[in-house]
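Asks: Sharing structure_27.cif below, mmCIF, N, CA and C atoms:
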data_query
loop_
_atom_site.group_PDB
_atom_site.id
_atom_site.type_symbol
_atom_site.label_atom_id
_atom_site.label_comp_id
_atom_site.auth_asym_id
_atom_site.auth_seq_id
_atom_site.Cartn_x
_atom_site.Cartn_y
_atom_site.Cartn_z
ATOM 1 N N MET A 1 98.801 108.493 114.740
ATOM 2 C CA MET A 1 99.827 108.947 115.648
ATOM 3 C C MET A 1 99.680 108.205 116.977
ATOM 4 N N PHE A 2 100.780 107.675 117.453
ATOM 5 C CA PHE A 2 100.794 106.921 118.696
ATOM 6 C C PHE A 2 101.837 107.526 119.616
ATOM 7 N N CYS A 3 101.418 107.893 120.812
ATOM 8 C CA CYS A 3 102.299 108.578 121.748
ATOM 9 C C CYS A 3 102.693 107.634 122.879
ATOM 10 N N VAL A 4 103.980 107.622 123.199
ATOM 11 C CA VAL A 4 104.508 106.852 124.314
ATOM 12 C C VAL A 4 105.425 107.777 125.091
ATOM 13 N N SER A 5 105.341 107.741 126.416
ATOM 14 C CA SER A 5 106.236 108.592 127.200
ATOM 15 C C SER A 5 106.730 107.849 128.426
ATOM 16 N N GLU A 6 107.913 108.205 128.841
ATOM 17 C CA GLU A 6 108.505 107.682 130.071
ATOM 18 C C GLU A 6 108.980 108.877 130.873
ATOM 19 N N LYS A 7 108.798 108.814 132.158
ATOM 20 C CA LYS A 7 109.201 109.930 133.009
ATOM 21 C C LYS A 7 110.173 109.448 134.073
ATOM 22 N N ASN A 8 111.024 110.373 134.497
ATOM 23 C CA ASN A 8 112.006 110.138 135.559
ATOM 24 C C ASN A 8 112.923 108.957 135.282
ATOM 25 N N ILE A 9 113.471 108.919 134.085
ATOM 26 C CA ILE A 9 114.439 107.880 133.721
ATOM 27 C C ILE A 9 115.812 108.349 134.169
ATOM 28 N N ARG A 10 116.572 107.471 134.795
ATOM 29 C CA ARG A 10 117.850 107.848 135.399
ATOM 30 C C ARG A 10 118.968 107.970 134.371
ATOM 31 N N ILE A 11 118.861 108.965 133.519
ATOM 32 C CA ILE A 11 119.919 109.315 132.578
ATOM 33 C C ILE A 11 119.814 110.819 132.337
ATOM 34 N N GLY A 12 120.939 111.471 132.154
ATOM 35 C CA GLY A 12 120.920 112.900 131.877
ATOM 36 C C GLY A 12 120.290 113.185 130.524
ATOM 37 N N ALA A 13 119.602 114.306 130.426
ATOM 38 C CA ALA A 13 118.898 114.636 129.189
ATOM 39 C C ALA A 13 119.862 114.833 128.025
ATOM 40 N N GLN A 14 121.019 115.417 128.286
ATOM 41 C CA GLN A 14 121.983 115.663 127.215
ATOM 42 C C GLN A 14 122.519 114.354 126.647
ATOM 43 N N LYS A 15 122.749 113.377 127.511
ATOM 44 C CA LYS A 15 123.243 112.080 127.043
ATOM 45 C C LYS A 15 122.174 111.326 126.256
ATOM 46 N N ALA A 16 120.918 111.445 126.680
ATOM 47 C CA ALA A 16 119.832 110.783 125.959
ATOM 48 C C ALA A 16 119.577 111.452 124.613
ATOM 49 N N ARG A 17 119.771 112.776 124.543
ATOM 50 C CA ARG A 17 119.552 113.493 123.280
ATOM 51 C C ARG A 17 120.545 113.081 122.206
ATOM 52 N N LEU A 18 121.762 112.715 122.598
ATOM 53 C CA LEU A 18 122.750 112.281 121.617
ATOM 54 C C LEU A 18 122.263 111.054 120.853
ATOM 55 N N VAL A 19 121.625 110.132 121.557
ATOM 56 C CA VAL A 19 121.103 108.924 120.909
ATOM 57 C C VAL A 19 119.799 109.241 120.185
ATOM 58 N N ALA A 20 118.987 110.125 120.753
ATOM 59 C CA ALA A 20 117.702 110.473 120.131
ATOM 60 C C ALA A 20 117.907 111.132 118.772
ATOM 61 N N ASP A 21 118.980 111.916 118.638
ATOM 62 C CA ASP A 21 119.253 112.572 117.357
ATOM 63 C C ASP A 21 119.570 111.572 116.255
ATOM 64 N N LEU A 22 120.075 110.399 116.631
ATOM 65 C CA LEU A 22 120.413 109.392 115.622
ATOM 66 C C LEU A 22 119.180 108.788 114.963
ATOM 67 N N ILE A 23 118.081 108.693 115.710
ATOM 68 C CA ILE A 23 116.932 107.947 115.191
ATOM 69 C C ILE A 23 115.730 108.829 114.851
ATOM 70 N N ARG A 24 115.797 110.105 115.140
ATOM 71 C CA ARG A 24 114.657 110.990 114.883
ATOM 72 C C ARG A 24 114.372 111.058 113.378
ATOM 73 N N GLY A 25 113.106 110.783 112.991
ATOM 74 C CA GLY A 25 112.695 110.850 111.598
ATOM 75 C C GLY A 25 112.888 109.560 110.814
ATOM 76 N N LYS A 26 113.528 108.570 111.417
ATOM 77 C CA LYS A 26 113.792 107.310 110.719
ATOM 78 C C LYS A 26 112.601 106.366 110.854
ATOM 79 N N SER A 27 112.560 105.345 110.004
ATOM 80 C CA SER A 27 111.528 104.323 110.148
ATOM 81 C C SER A 27 111.836 103.486 111.394
ATOM 82 N N VAL A 28 110.829 102.789 111.894
ATOM 83 C CA VAL A 28 110.992 102.033 113.130
ATOM 84 C C VAL A 28 112.019 100.912 112.957
ATOM 85 N N ASN A 29 111.981 100.236 111.816
ATOM 86 C CA ASN A 29 112.936 99.145 111.592
ATOM 87 C C ASN A 29 114.368 99.657 111.555
ATOM 88 N N GLU A 30 114.576 100.775 110.884
ATOM 89 C CA GLU A 30 115.916 101.343 110.799
ATOM 90 C C GLU A 30 116.374 101.867 112.166
ATOM 91 N N ALA A 31 115.457 102.453 112.920
ATOM 92 C CA ALA A 31 115.798 102.966 114.248
ATOM 93 C C ALA A 31 116.203 101.832 115.192
ATOM 94 N N LEU A 32 115.478 100.727 115.142
ATOM 95 C CA LEU A 32 115.839 99.588 115.990
ATOM 96 C C LEU A 32 117.181 98.997 115.590
ATOM 97 N N ARG A 33 117.462 99.004 114.295
ATOM 98 C CA ARG A 33 118.754 98.501 113.828
ATOM 99 C C ARG A 33 119.893 99.387 114.342
ATOM 100 N N ILE A 34 119.681 100.698 114.319
ATOM 101 C CA ILE A 34 120.695 101.629 114.815
ATOM 102 C C ILE A 34 120.886 101.452 116.321
ATOM 103 N N LEU A 35 119.784 101.332 117.052
ATOM 104 C CA LEU A 35 119.867 101.233 118.514
ATOM 105 C C LEU A 35 120.502 99.929 118.977
ATOM 106 N N ASN A 36 120.385 98.876 118.170
ATOM 107 C CA ASN A 36 121.018 97.599 118.540
ATOM 108 C C ASN A 36 122.534 97.715 118.624
ATOM 109 N N PHE A 37 123.113 98.588 117.823
ATOM 110 C CA PHE A 37 124.568 98.669 117.756
ATOM 111 C C PHE A 37 125.147 99.897 118.449
ATOM 112 N N CYS A 38 124.314 100.676 119.121
ATOM 113 C CA CYS A 38 124.815 101.832 119.867
ATOM 114 C C CYS A 38 125.292 101.380 121.245
ATOM 115 N N PRO A 39 126.496 101.764 121.649
ATOM 116 C CA PRO A 39 126.993 101.324 122.951
ATOM 117 C C PRO A 39 126.488 102.167 124.121
ATOM 118 N N GLN A 40 125.815 103.283 123.865
ATOM 119 C CA GLN A 40 125.399 104.183 124.932
ATOM 120 C C GLN A 40 124.265 103.583 125.765
ATOM 121 N N LYS A 41 124.173 104.057 127.006
ATOM 122 C CA LYS A 41 123.120 103.610 127.904
ATOM 123 C C LYS A 41 121.745 104.043 127.389
ATOM 124 N N GLY A 42 121.675 105.216 126.778
ATOM 125 C CA GLY A 42 120.411 105.727 126.268
ATOM 126 C C GLY A 42 119.833 104.891 125.139
ATOM 127 N N ALA A 43 120.676 104.130 124.454
ATOM 128 C CA ALA A 43 120.197 103.308 123.336
ATOM 129 C C ALA A 43 119.247 102.223 123.826
ATOM 130 N N SER A 44 119.583 101.577 124.932
ATOM 131 C CA SER A 44 118.709 100.518 125.436
ATOM 132 C C SER A 44 117.396 101.088 125.959
ATOM 133 N N ILE A 45 117.452 102.281 126.541
ATOM 134 C CA ILE A 45 116.236 102.925 127.040
ATOM 135 C C ILE A 45 115.320 103.305 125.871
ATOM 136 N N LEU A 46 115.895 103.908 124.832
ATOM 137 C CA LEU A 46 115.089 104.304 123.676
ATOM 138 C C LEU A 46 114.595 103.095 122.887
ATOM 139 N N LYS A 47 115.382 102.043 122.855
ATOM 140 C CA LYS A 47 114.945 100.824 122.159
ATOM 141 C C LYS A 47 113.707 100.251 122.837
ATOM 142 N N ARG A 48 113.726 100.222 124.170
ATOM 143 C CA ARG A 48 112.579 99.722 124.921
ATOM 144 C C ARG A 48 111.355 100.595 124.668
ATOM 145 N N LEU A 49 111.568 101.909 124.560
ATOM 146 C CA LEU A 49 110.465 102.837 124.325
ATOM 147 C C LEU A 49 109.878 102.668 122.922
ATOM 148 N N VAL A 50 110.743 102.491 121.918
ATOM 149 C CA VAL A 50 110.272 102.288 120.540
ATOM 150 C C VAL A 50 109.494 100.981 120.436
ATOM 151 N N LEU A 51 110.004 99.917 121.054
ATOM 152 C CA LEU A 51 109.299 98.633 121.022
ATOM 153 C C LEU A 51 107.946 98.725 121.722
ATOM 154 N N ASN A 52 107.883 99.513 122.785
ATOM 155 C CA ASN A 52 106.623 99.726 123.483
ATOM 156 C C ASN A 52 105.625 100.456 122.582
ATOM 157 N N GLY A 53 106.105 101.455 121.844
ATOM 158 C CA GLY A 53 105.232 102.178 120.929
ATOM 159 C C GLY A 53 104.730 101.308 119.783
ATOM 160 N N VAL A 54 105.600 100.437 119.267
ATOM 161 C CA VAL A 54 105.195 99.517 118.201
ATOM 162 C C VAL A 54 104.148 98.535 118.721
ATOM 163 N N ALA A 55 104.330 98.064 119.946
ATOM 164 C CA ALA A 55 103.351 97.134 120.528
ATOM 165 C C ALA A 55 102.006 97.828 120.734
ATOM 166 N N ASN A 56 102.027 99.087 121.156
ATOM 167 C CA ASN A 56 100.771 99.824 121.314
ATOM 168 C C ASN A 56 100.076 100.027 119.975
ATOM 169 N N ALA A 57 100.859 100.331 118.940
ATOM 170 C CA ALA A 57 100.278 100.519 117.610
ATOM 171 C C ALA A 57 99.728 99.206 117.067
ATOM 172 N N ASN A 58 100.408 98.117 117.378
ATOM 173 C CA ASN A 58 99.982 96.797 116.912
ATOM 174 C C ASN A 58 98.683 96.370 117.590
ATOM 175 N N ASP A 59 98.466 96.787 118.838
ATOM 176 C CA ASP A 59 97.241 96.433 119.548
ATOM 177 C C ASP A 59 96.015 97.103 118.944
ATOM 178 N N VAL A 60 96.211 98.277 118.348
ATOM 179 C CA VAL A 60 95.094 98.966 117.715
ATOM 180 C C VAL A 60 94.575 98.139 116.540
ATOM 181 N N GLY A 61 95.490 97.540 115.789
ATOM 182 C CA GLY A 61 95.099 96.599 114.752
ATOM 183 C C GLY A 61 94.964 97.177 113.364
ATOM 184 N N SER A 62 94.619 98.439 113.225
ATOM 185 C CA SER A 62 94.411 99.004 111.901
ATOM 186 C C SER A 62 95.676 99.643 111.332
ATOM 187 N N VAL A 63 96.830 99.359 111.937
ATOM 188 C CA VAL A 63 98.080 100.001 111.550
ATOM 189 C C VAL A 63 99.037 98.954 111.003
ATOM 190 N N ASP A 64 99.694 99.297 109.892
ATOM 191 C CA ASP A 64 100.752 98.446 109.366
ATOM 192 C C ASP A 64 102.053 98.841 110.054
ATOM 193 N N VAL A 65 102.627 97.924 110.808
ATOM 194 C CA VAL A 65 103.809 98.219 111.630
ATOM 195 C C VAL A 65 105.013 98.570 110.759
ATOM 196 N N ASP A 66 105.083 98.045 109.554
ATOM 197 C CA ASP A 66 106.214 98.322 108.665
ATOM 198 C C ASP A 66 106.221 99.768 108.165
ATOM 199 N N ASN A 67 105.067 100.450 108.219
ATOM 200 C CA ASN A 67 104.990 101.829 107.746
ATOM 201 C C ASN A 67 105.176 102.861 108.850
ATOM 202 N N LEU A 68 105.450 102.427 110.064
ATOM 203 C CA LEU A 68 105.616 103.368 111.169
ATOM 204 C C LEU A 68 106.986 104.043 111.104
ATOM 205 N N TYR A 69 107.016 105.295 111.509
ATOM 206 C CA TYR A 69 108.284 106.018 111.614
ATOM 207 C C TYR A 69 108.236 106.896 112.860
ATOM 208 N N ILE A 70 109.384 107.396 113.268
ATOM 209 C CA ILE A 70 109.474 108.210 114.468
ATOM 210 C C ILE A 70 109.194 109.656 114.069
ATOM 211 N N ALA A 71 107.973 110.100 114.320
ATOM 212 C CA ALA A 71 107.557 111.438 113.926
ATOM 213 C C ALA A 71 108.171 112.488 114.844
ATOM 214 N N GLU A 72 108.123 112.246 116.148
ATOM 215 C CA GLU A 72 108.687 113.184 117.118
ATOM 216 C C GLU A 72 109.363 112.398 118.219
ATOM 217 N N LEU A 73 110.485 112.922 118.674
ATOM 218 C CA LEU A 73 111.187 112.327 119.807
ATOM 219 C C LEU A 73 111.766 113.470 120.620
ATOM 220 N N CYS A 74 111.221 113.670 121.790
ATOM 221 C CA CYS A 74 111.580 114.814 122.620
ATOM 222 C C CYS A 74 112.156 114.315 123.944
ATOM 223 N N VAL A 75 113.342 114.795 124.300
ATOM 224 C CA VAL A 75 113.974 114.441 125.564
ATOM 225 C C VAL A 75 114.090 115.711 126.395
ATOM 226 N N ASP A 76 113.381 115.744 127.516
ATOM 227 C CA ASP A 76 113.397 116.904 128.405
ATOM 228 C C ASP A 76 114.042 116.533 129.728
ATOM 229 N N MET A 77 114.511 117.560 130.424
ATOM 230 C CA MET A 77 115.142 117.331 131.707
ATOM 231 C C MET A 77 114.084 117.115 132.783
ATOM 232 N N GLY A 78 114.280 116.105 133.604
ATOM 233 C CA GLY A 78 113.373 115.848 134.715
ATOM 234 C C GLY A 78 113.941 116.423 135.997
ATOM 235 N N SER A 79 113.405 115.993 137.104
ATOM 236 C CA SER A 79 113.894 116.471 138.390
ATOM 237 C C SER A 79 115.233 115.814 138.714
ATOM 238 N N SER A 80 115.996 116.452 139.564
ATOM 239 C CA SER A 80 117.300 115.921 139.956
ATOM 240 C C SER A 80 117.234 115.416 141.388
ATOM 241 N N LEU A 81 117.827 114.260 141.619
ATOM 242 C CA LEU A 81 117.989 113.769 142.976
ATOM 243 C C LEU A 81 119.275 114.373 143.520
ATOM 244 N N VAL A 82 119.207 114.998 144.677
ATOM 245 C CA VAL A 82 120.392 115.628 145.243
ATOM 246 C C VAL A 82 120.914 114.757 146.374
ATOM 247 N N ARG A 83 122.139 114.327 146.247
ATOM 248 C CA ARG A 83 122.829 113.556 147.274
ATOM 249 C C ARG A 83 124.054 114.353 147.694
ATOM 250 N N PHE A 84 124.621 114.022 148.823
ATOM 251 C CA PHE A 84 125.776 114.773 149.305
ATOM 252 C C PHE A 84 126.973 113.859 149.474
ATOM 253 N N ARG A 85 128.129 114.403 149.145
ATOM 254 C CA ARG A 85 129.383 113.671 149.195
ATOM 255 C C ARG A 85 130.288 114.348 150.226
ATOM 256 N N PRO A 86 130.863 113.596 151.136
ATOM 257 C CA PRO A 86 131.744 114.218 152.120
ATOM 258 C C PRO A 86 133.032 114.720 151.479
ATOM 259 N N ARG A 87 133.478 115.873 151.934
ATOM 260 C CA ARG A 87 134.707 116.478 151.434
ATOM 261 C C ARG A 87 135.631 116.788 152.611
ATOM 262 N N ALA A 88 136.721 117.430 152.303
ATOM 263 C CA ALA A 88 137.728 117.712 153.320
ATOM 264 C C ALA A 88 137.230 118.719 154.356
ATOM 265 N N GLN A 89 137.748 118.605 155.548
ATOM 266 C CA GLN A 89 137.508 119.524 156.664
ATOM 267 C C GLN A 89 136.028 119.598 157.034
ATOM 268 N N GLY A 90 135.317 118.495 156.954
ATOM 269 C CA GLY A 90 133.936 118.436 157.418
ATOM 270 C C GLY A 90 132.901 119.033 156.494
ATOM 271 N N ARG A 91 133.313 119.398 155.298
ATOM 272 C CA ARG A 91 132.353 119.969 154.354
ATOM 273 C C ARG A 91 131.646 118.866 153.579
ATOM 274 N N ALA A 92 130.635 119.273 152.819
ATOM 275 C CA ALA A 92 129.924 118.342 151.942
ATOM 276 C C ALA A 92 129.576 119.077 150.654
ATOM 277 N N THR A 93 129.629 118.376 149.535
ATOM 278 C CA THR A 93 129.240 118.978 148.260
ATOM 279 C C THR A 93 128.087 118.183 147.667
ATOM 280 N N PRO A 94 127.172 118.865 146.989
ATOM 281 C CA PRO A 94 126.029 118.153 146.405
ATOM 282 C C PRO A 94 126.418 117.403 145.134
ATOM 283 N N VAL A 95 125.807 116.242 144.948
ATOM 284 C CA VAL A 95 125.926 115.466 143.724
ATOM 285 C C VAL A 95 124.520 115.371 143.150
ATOM 286 N N ARG A 96 124.342 115.891 141.942
ATOM 287 C CA ARG A 96 123.021 115.895 141.323
ATOM 288 C C ARG A 96 122.878 114.695 140.398
ATOM 289 N N LYS A 97 121.949 113.824 140.719
ATOM 290 C CA LYS A 97 121.676 112.660 139.887
ATOM 291 C C LYS A 97 120.491 113.016 139.001
ATOM 292 N N LYS A 98 120.768 113.220 137.726
ATOM 293 C CA LYS A 98 119.783 113.792 136.817
ATOM 294 C C LYS A 98 118.834 112.731 136.264
ATOM 295 N N THR A 99 117.617 113.173 135.940
ATOM 296 C CA THR A 99 116.625 112.297 135.317
ATOM 297 C C THR A 99 116.102 112.971 134.051
ATOM 298 N N SER A 100 115.419 112.189 133.224
ATOM 299 C CA SER A 100 114.890 112.687 131.954
ATOM 300 C C SER A 100 113.452 112.255 131.758
ATOM 301 N N HIS A 101 112.731 113.065 130.996
ATOM 302 C CA HIS A 101 111.400 112.715 130.507
ATOM 303 C C HIS A 101 111.522 112.549 129.000
ATOM 304 N N ILE A 102 111.095 111.393 128.483
ATOM 305 C CA ILE A 102 111.213 111.123 127.045
ATOM 306 C C ILE A 102 109.811 110.925 126.463
ATOM 307 N N ASN A 103 109.491 111.674 125.423
ATOM 308 C CA ASN A 103 108.209 111.553 124.723
ATOM 309 C C ASN A 103 108.477 111.108 123.291
ATOM 310 N N LEU A 104 107.794 110.057 122.862
ATOM 311 C CA LEU A 104 107.958 109.497 121.529
ATOM 312 C C LEU A 104 106.596 109.473 120.843
ATOM 313 N N ILE A 105 106.573 109.986 119.611
ATOM 314 C CA ILE A 105 105.346 109.939 118.819
ATOM 315 C C ILE A 105 105.655 109.204 117.527
ATOM 316 N N LEU A 106 104.932 108.136 117.292
ATOM 317 C CA LEU A 106 105.085 107.347 116.064
ATOM 318 C C LEU A 106 104.011 107.758 115.069
ATOM 319 N N GLY A 107 104.384 107.940 113.837
ATOM 320 C CA GLY A 107 103.441 108.247 112.778
ATOM 321 C C GLY A 107 103.448 107.159 111.724
ATOM 322 N N GLU A 108 102.449 107.197 110.851
ATOM 323 C CA GLU A 108 102.354 106.181 109.799
ATOM 324 C C GLU A 108 102.544 106.848 108.441
ATOM 325 N N ARG A 109 103.378 106.248 107.608
ATOM 326 C CA ARG A 109 103.604 106.794 106.266
ATOM 327 C C ARG A 109 102.647 106.187 105.290
#
Take the structure I supplied and represent it as structure tokens, if you would.
Replies:
Amino acid sequence: MFCVSEKNIRIGAQKARLVADLIRGKSVNEALRILNFCPQKGASILKRLVLNGVANANDVGSVDVDNLYIAELCVDMGSSLVRFRPRAQGRATPVRKKTSHINLILGER
């Protein structure tokens, strides 16, 4: 089992989960193939994370990279950056820029 995580990624957790659901439980080769053709922003983020996990597993040396699969993929909500937008009559409304924490665990079949 190889764990890779990224924190405070500038994408909403709900949007990242849509892409994560596509590749959860799939083999690494199939997941990368799916992520190559996904137009969503989360696809490039998850692709980078999967490639990072494969590189970490490859550095260990005793793992066959072709047998790796995505055992767990968890997308949690991170902290929100709060910015303010000017509105009519001198008011201001908050704009929440959401972040995500993504945890990926690769297993070997």
Asks: So how many Å separate atom CA of Pro94 of chain A and atom CA of Ile45 of chain A, to one decimal?
Replies: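 These two atoms are separated by 26.5 Å.
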Asks: Can you work out which one of A:Cys3, A:Ile34, A:Leu22, A:Leu106 has the shortest atom-to-atom distance to Ala71 of chain A, counting all atoms listed in the file?
Replies: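 Nearest candidate to Ala71 of chain A out of A:Cys3, A:Ile34, A:Leu22, A:Leu106: A:Leu106.
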Asks: Any idea what's packed within 8 Å of Gln14 of chain A, counting all atoms listed in the file, ignoring anything in its chain fewer than 3 positions away? Could you give it as a list in words?
Replies: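 The filter keeps Ile11, Arg17, Leu18, Val19, Val75, Asp76, Met77, Thr99 and Ser100 of chain A.
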Asks: Using all atoms listed in the file, can you tell me which of A:Gly107, A:Ile102, A:Leu49, A:Val95 comes closest to Arg83 of chain A?
Replies: A:Val95
Asks: Check what the PyMOL selection byres (((chain A and resi 35 and name CA) around 9) and name CA) selects in the file above and give those residues as a PyMOL selection string.
Replies: chain A and resi 19+22-23+30-34+36-40+42-44+46-47
Asks: Using the file's own x, y and z axes, what box holds all listed atoms of segment 93-107 of chain A with 8 Å on each side, keeping edges along x, y and z, and what are its centre and edge lengths in Å to one decimal, as lines of an AutoDock Vina configuration file?
Replies:
center_x = 116.5
center_y = 113.1
center_z = 130.6
size_x = 42.2
size_y = 27.8
size_z = 53.8
Asks: For the provided coordinates, the residues matched by the PyMOL selection byres ((chain A and resi 109) around 6.5) should be stated as a ChimeraX atom specification.
Replies: /A:67-69,107-108
Asks: In terms of the shortest atom-to-atom distance over only C-alpha atoms, which of A:Thr93, A:Gly25, A:Val54, A:Lys98 is closest to Ser79 of chain A?
Replies: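 Counting only C-alpha atoms, the residue closest to Ser79 of chain A is A:Lys98.
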Asks: May I have the residues within 8 Å of Asn103 of chain A as a list of chain:residue names, using only N, CA and C atoms and disregarding those fewer than 4 positions away in the same chain?
Replies: A:Cys3, A:Val4, A:Ser5, A:Glu6, A:Lys7, A:Glu72, A:Leu73, A:Cys74, A:Val75, A:Asp76
Asks: As JSON, numbers by chain, please: every residue in chain A that a backbone DSSP assignment puts in strand (DSSP E).
Replies: {"A": [2, 3, 4, 5, 6, 7, 8, 9, 68, 69, 70, 71, 72, 73, 74, 75, 76, 77, 81, 82, 83, 84, 85, 86, 92, 93, 94, 95, 96, 97, 100, 101, 102, 103, 104, 105, 106, 107, 108]}
Asks: Could you write those residues out with N, CA and C atoms, as a CSV table (one decimal), in the coordinates of the input?
Replies:
chain,number,residue,atom,x,y,z
A,2,PHE,N,100.8,107.7,117.5
A,2,PHE,CA,100.8,106.9,118.7
A,2,PHE,C,101.8,107.5,119.6
A,3,CYS,N,101.4,107.9,120.8
A,3,CYS,CA,102.3,108.6,121.7
A,3,CYS,C,102.7,107.6,122.9
A,4,VAL,N,104.0,107.6,123.2
A,4,VAL,CA,104.5,106.9,124.3
A,4,VAL,C,105.4,107.8,125.1
A,5,SER,N,105.3,107.7,126.4
A,5,SER,CA,106.2,108.6,127.2
A,5,SER,C,106.7,107.8,128.4
A,6,GLU,N,107.9,108.2,128.8
A,6,GLU,CA,108.5,107.7,130.1
A,6,GLU,C,109.0,108.9,130.9
A,7,LYS,N,108.8,108.8,132.2
A,7,LYS,CA,109.2,109.9,133.0
A,7,LYS,C,110.2,109.4,134.1
A,8,ASN,N,111.0,110.4,134.5
A,8,ASN,CA,112.0,110.1,135.6
A,8,ASN,C,112.9,109.0,135.3
A,9,ILE,N,113.5,108.9,134.1
A,9,ILE,CA,114.4,107.9,133.7
A,9,ILE,C,115.8,108.3,134.2
A,68,LEU,N,105.4,102.4,110.1
A,68,LEU,CA,105.6,103.4,111.2
A,68,LEU,C,107.0,104.0,111.1
A,69,TYR,N,107.0,105.3,111.5
A,69,TYR,CA,108.3,106.0,111.6
A,69,TYR,C,108.2,106.9,112.9
A,70,ILE,N,109.4,107.4,113.3
A,70,ILE,CA,109.5,108.2,114.5
A,70,ILE,C,109.2,109.7,114.1
A,71,ALA,N,108.0,110.1,114.3
A,71,ALA,CA,107.6,111.4,113.9
A,71,ALA,C,108.2,112.5,114.8
A,72,GLU,N,108.1,112.2,116.1
A,72,GLU,CA,108.7,113.2,117.1
A,72,GLU,C,109.4,112.4,118.2
A,73,LEU,N,110.5,112.9,118.7
A,73,LEU,CA,111.2,112.3,119.8
A,73,LEU,C,111.8,113.5,120.6
A,74,CYS,N,111.2,113.7,121.8
A,74,CYS,CA,111.6,114.8,122.6
A,74,CYS,C,112.2,114.3,123.9
A,75,VAL,N,113.3,114.8,124.3
A,75,VAL,CA,114.0,114.4,125.6
A,75,VAL,C,114.1,115.7,126.4
A,76,ASP,N,113.4,115.7,127.5
A,76,ASP,CA,113.4,116.9,128.4
A,76,ASP,C,114.0,116.5,129.7
A,77,MET,N,114.5,117.6,130.4
A,77,MET,CA,115.1,117.3,131.7
A,77,MET,C,114.1,117.1,132.8
A,81,LEU,N,117.8,114.3,141.6
A,81,LEU,CA,118.0,113.8,143.0
A,81,LEU,C,119.3,114.4,143.5
A,82,VAL,N,119.2,115.0,144.7
A,82,VAL,CA,120.4,115.6,145.2
A,82,VAL,C,120.9,114.8,146.4
A,83,ARG,N,122.1,114.3,146.2
A,83,ARG,CA,122.8,113.6,147.3
A,83,ARG,C,124.1,114.4,147.7
A,84,PHE,N,124.6,114.0,148.8
A,84,PHE,CA,125.8,114.8,149.3
A,84,PHE,C,127.0,113.9,149.5
A,85,ARG,N,128.1,114.4,149.1
A,85,ARG,CA,129.4,113.7,149.2
A,85,ARG,C,130.3,114.3,150.2
A,86,PRO,N,130.9,113.6,151.1
A,86,PRO,CA,131.7,114.2,152.1
A,86,PRO,C,133.0,114.7,151.5
A,92,ALA,N,130.6,119.3,152.8
A,92,ALA,CA,129.9,118.3,151.9
A,92,ALA,C,129.6,119.1,150.7
A,93,THR,N,129.6,118.4,149.5
A,93,THR,CA,129.2,119.0,148.3
A,93,THR,C,128.1,118.2,147.7
A,94,PRO,N,127.2,118.9,147.0
A,94,PRO,CA,126.0,118.2,146.4
A,94,PRO,C,126.4,117.4,145.1
A,95,VAL,N,125.8,116.2,144.9
A,95,VAL,CA,125.9,115.5,143.7
A,95,VAL,C,124.5,115.4,143.2
A,96,ARG,N,124.3,115.9,141.9
A,96,ARG,CA,123.0,115.9,141.3
A,96,ARG,C,122.9,114.7,140.4
A,97,LYS,N,121.9,113.8,140.7
A,97,LYS,CA,121.7,112.7,139.9
A,97,LYS,C,120.5,113.0,139.0
A,100,SER,N,115.4,112.2,133.2
A,100,SER,CA,114.9,112.7,132.0
A,100,SER,C,113.5,112.3,131.8
A,101,HIS,N,112.7,113.1,131.0
A,101,HIS,CA,111.4,112.7,130.5
A,101,HIS,C,111.5,112.5,129.0
A,102,ILE,N,111.1,111.4,128.5
A,102,ILE,CA,111.2,111.1,127.0
A,102,ILE,C,109.8,110.9,126.5
A,103,ASN,N,109.5,111.7,125.4
A,103,ASN,CA,108.2,111.6,124.7
A,103,ASN,C,108.5,111.1,123.3
A,104,LEU,N,107.8,110.1,122.9
A,104,LEU,CA,108.0,109.5,121.5
A,104,LEU,C,106.6,109.5,120.8
A,105,ILE,N,106.6,110.0,119.6
A,105,ILE,CA,105.3,109.9,118.8
A,105,ILE,C,105.7,109.2,117.5
A,106,LEU,N,104.9,108.1,117.3
A,106,LEU,CA,105.1,107.3,116.1
A,106,LEU,C,104.0,107.8,115.1
A,107,GLY,N,104.4,107.9,113.8
A,107,GLY,CA,103.4,108.2,112.8
A,107,GLY,C,103.4,107.2,111.7
A,108,GLU,N,102.4,107.2,110.9
A,108,GLU,CA,102.4,106.2,109.8
A,108,GLU,C,102.5,106.8,108.4
Asks: Can you translate the PyMOL selection byres ((chain A and resi 82) around 5) into the concrete residues it hits in this file, as a list in words?
Replies: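 Checked against the file, the PyMOL selection byres ((chain A and resi 82) around 5) matches Ser80, Leu81, Arg83, Phe84, Val95, Arg96 and Lys97 of chain A.
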Asks: I need the residue nearest Asn8 of chain A from this list: A:Leu104, A:Gly61, A:Gly78, A:Pro86. Use only N, CA and C atoms for the distance.
Replies: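 Checking each candidate against Asn8 of chain A, we get A:Gly78 as the closest.
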Asks: Could you give me the residues within segment 18-73 of chain A that DSSP places in alpha helix (DSSP H), as a PyMOL selection string?
Replies: chain A and resi 18-23+28-36+41-60
Asks: Which is closest to Lys26 of chain A among A:Ile70, A:Ala13, A:Val63, A:Asn52, if we use all atoms listed in the file?
Replies: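 Using all atoms listed in the file, the shortest distance to Lys26 of chain A belongs to A:Ile70.
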Asks: So how far away is atom CA of Ala20 of chain A from atom C of Ala57 of chain A, in Å?
Replies: 21.4 Å
Asks: Would you compute the distance between atom CA of Ala16 of chain A and atom CA of Lys41 of chain A? Give it in Å to one decimal.
Replies: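 Rounded to one decimal, the two atoms are 8.1 Å apart.
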Asks: Can you work out which one of A:Asn29, A:Lys15, A:Asn56, A:Gln89 has the shortest atom-to-atom distance to Phe2 of chain A, counting all atoms listed in the file?
Replies: A:Asn56
